[in-house]
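Asks: Sharing a structure here in structure tokens format.
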Amino acid sequence: MEGIEVKLDLTKQGLAMMFREYEELMIRHMWEDPKPIGSGPLWEMVNEKLPDGKSISRASVIFAANRYVENGMWAFEDHTGKGGHHRRYYPLVTEEELWTAVAKAAQNKLNLSADTSVLQLVE
């Protein structure tokens with residue numbers, strides 16, 4: 001999780017500060033049920049839980065999942081099946097570990113901006 005890159009929207013709260021609604025649904029699902037899951041079932045779950053009138057493409061789910069792999073939040077198992085290779089994603093970090101990494105990244109950025117290490121946000 002060392003290389004986490006997120007943009008914070010300080011007008012929002014919780015995971016909504018960093019993630020779109022469908023991304024938060026994906027992440028929360030993985031924490032609640034951490035067994036490996038493919039993009040198809042993940043996409044179906046997200047679209048079932050989104051409010052009426054909202055939907056998201058399977059490509060958006062795949063791009064988000066791969067971004068979480070690159071950030072070190074998730075990993076995947078490679079499975080072969082109909083149509084070739086398929087990734088089954090699973091979480092590598094807990095919610096607490098994610099928030100700790102975000103706090104450390106924010107502290108580092110603030111310290112760089114202030115050109116000092118006087119900010120002690122995370123111990």
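Chain labels A, B, ... are given in the sequence in which chains occur in the structure tokens; within each chain residues are numbered consecutively from 1, and ligands are likewise numbered from 1 in the order shown.
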Per DSSP on the backbone, filter chain A down to the residues in helix (DSSP H, G or I) and report them as an MDAnalysis selection string.
Replies: chainID A and resid 14:17 21:32 39:49 58:71 95:114
Asks: Show me, as a Markdown table, the residues of range 50-76 of chain A having an atom within 12 Å of range 29-33 of chain A, each with the closest atom pair and its distance in Å, using only C-alpha atoms.
Replies:
```
| residue | atom | partner | partner_atom | distance |
| --- | --- | --- | --- | --- |
| A:Ala65 | CA | A:Met30 | CA | 10.7 |
| A:Tyr68 | CA | A:Met30 | CA | 11.5 |
| A:Met73 | CA | A:Met30 | CA | 10.4 |
| A:Trp74 | CA | A:Met30 | CA | 9.0 |
| A:Ala75 | CA | A:Met30 | CA | 11.2 |
```
Asks: If we count only C-alpha atoms and set the cut-off at 12 Å, which residues sit around Ala59 in chain A, ignoring sequence neighbours fewer than 5 positions away in its own chain? Please answer as a ChimeraX atom specification.
Replies: /A:39-40,42-43,64-66
Asks: Write out as a short mmCIF file (atom, residue, chain, number, x, y, z; two decimals) with C-alpha atoms, in the first residue's frame the residues lying within 9 Å of Asp78 in chain A, counting only C-alpha atoms and excluding same-chain residues fewer than 6 positions away.
Replies:
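around13.cif, written as the output of this step:
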```cif
data_model
loop_
_atom_site.label_atom_id
_atom_site.label_comp_id
_atom_site.auth_asym_id
_atom_site.auth_seq_id
_atom_site.Cartn_x
_atom_site.Cartn_y
_atom_site.Cartn_z
CA HIS A 85 -7.81 -16.25 -18.59
CA HIS A 86 -9.92 -14.58 -15.91
CA ARG A 87 -8.85 -12.62 -12.85
CA ARG A 88 -10.47 -13.30 -9.52
CA TYR A 89 -9.82 -10.41 -7.17
#
```
Asks: Which one of A:Leu110, A:Ile37, A:Leu25, A:Ala105 sits closest to Pro51 in chain A if you count only C-alpha atoms?
Replies: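 Comparing A:Leu110, A:Ile37, A:Leu25, A:Ala105 against Pro51 in chain A, the winner is A:Leu25.
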Asks: Between A:Leu15, A:Gly72, A:Glu24, A:Ile62, which has the minimum distance to Pro41 in chain A (counting only C-alpha atoms)?
Replies: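 Counting only C-alpha atoms, the residue closest to Pro41 in chain A is A:Ile62.
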Asks: Residues near Arg28 in chain A, anyone? I mean within 12 Å using only C-alpha atoms, not counting same-chain ones fewer than 4 positions away, as a list in words.
Replies: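 Near neighbours after the sequence-gap exclusion: Gly14, Leu15, Ala16, Phe19, Glu21, Tyr22, Glu23, Glu24, Glu32, Asp33, Pro34, Leu42, Met45, Val46, Lys49, Tyr90, Pro91, Val93, Thr94, Glu95 and Leu98 of chain A.
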Asks: Could you turn the residues from that selection into a file that holds C-alpha atoms, as a PDB file, in the first residue's frame?
Replies:
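Contents of the output file result_13.pdb:
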```pdb
ATOM      1  CA  GLY A  14     -15.821   8.256   4.507  1.00  0.00           C
ATOM      2  CA  LEU A  15     -14.796   6.301   1.443  1.00  0.00           C
ATOM      3  CA  ALA A  16     -16.830   8.725  -0.694  1.00  0.00           C
ATOM      4  CA  PHE A  19     -13.985   6.720  -4.436  1.00  0.00           C
ATOM      5  CA  GLU A  21     -20.199   5.299  -5.478  1.00  0.00           C
ATOM      6  CA  TYR A  22     -19.700   2.090  -7.471  1.00  0.00           C
ATOM      7  CA  GLU A  23     -16.056   1.860  -6.371  1.00  0.00           C
ATOM      8  CA  GLU A  24     -17.051   2.136  -2.719  1.00  0.00           C
ATOM      9  CA  GLU A  32     -17.399  -8.095   3.801  1.00  0.00           C
ATOM     10  CA  ASP A  33     -16.743 -11.193   1.665  1.00  0.00           C
ATOM     11  CA  PRO A  34     -12.997 -11.471   0.952  1.00  0.00           C
ATOM     12  CA  LEU A  42     -18.584  -8.048  -9.020  1.00  0.00           C
ATOM     13  CA  MET A  45     -23.389  -6.994  -7.452  1.00  0.00           C
ATOM     14  CA  VAL A  46     -22.518  -3.322  -8.002  1.00  0.00           C
ATOM     15  CA  LYS A  49     -26.764  -2.198  -5.174  1.00  0.00           C
ATOM     16  CA  TYR A  90      -9.417 -10.427  -3.395  1.00  0.00           C
ATOM     17  CA  PRO A  91      -8.465  -7.743  -0.830  1.00  0.00           C
ATOM     18  CA  VAL A  93      -5.786  -4.560   3.091  1.00  0.00           C
ATOM     19  CA  THR A  94      -8.429  -3.940   5.711  1.00  0.00           C
ATOM     20  CA  GLU A  95     -10.396  -0.721   5.986  1.00  0.00           C
ATOM     21  CA  LEU A  98      -6.435   1.748   3.971  1.00  0.00           C
TER      22      LEU A  98
END
```
Asks: I need the residues of range 76-115 of chain A that end up classed as strand (DSSP E) by DSSP on the backbone, written out as a list in words.
Replies: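 Of range 76-115 of chain A, the ones in strand (DSSP E) are Phe76, Glu77, Asp78, His79, Thr80, Gly81, Gly84, His85, His86, Arg87, Arg88, Tyr89, Tyr90 and Pro91 of chain A.
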Asks: Please, what distance in Å, to one decimal, runs between CA of Lys109 in chain A and CA of Thr11 in chain A?
Replies: 19.0 Å
Asks: Pick out the closest residue to Arg58 in chain A from this set: A:Lys82, A:Glu44, A:Gln13, A:Ser113. Count only C-alpha atoms.
Replies: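 With only C-alpha atoms as the atom set, the closest residue is A:Glu44.
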Asks: Can you tell me how far CA of Met26 in chain A sits from CA of Lys12 in chain A, in Å to one decimal?
Replies: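 Taking CA of Met26 in chain A as the start and CA of Lys12 in chain A as the end point, the length is 18.3 Å.
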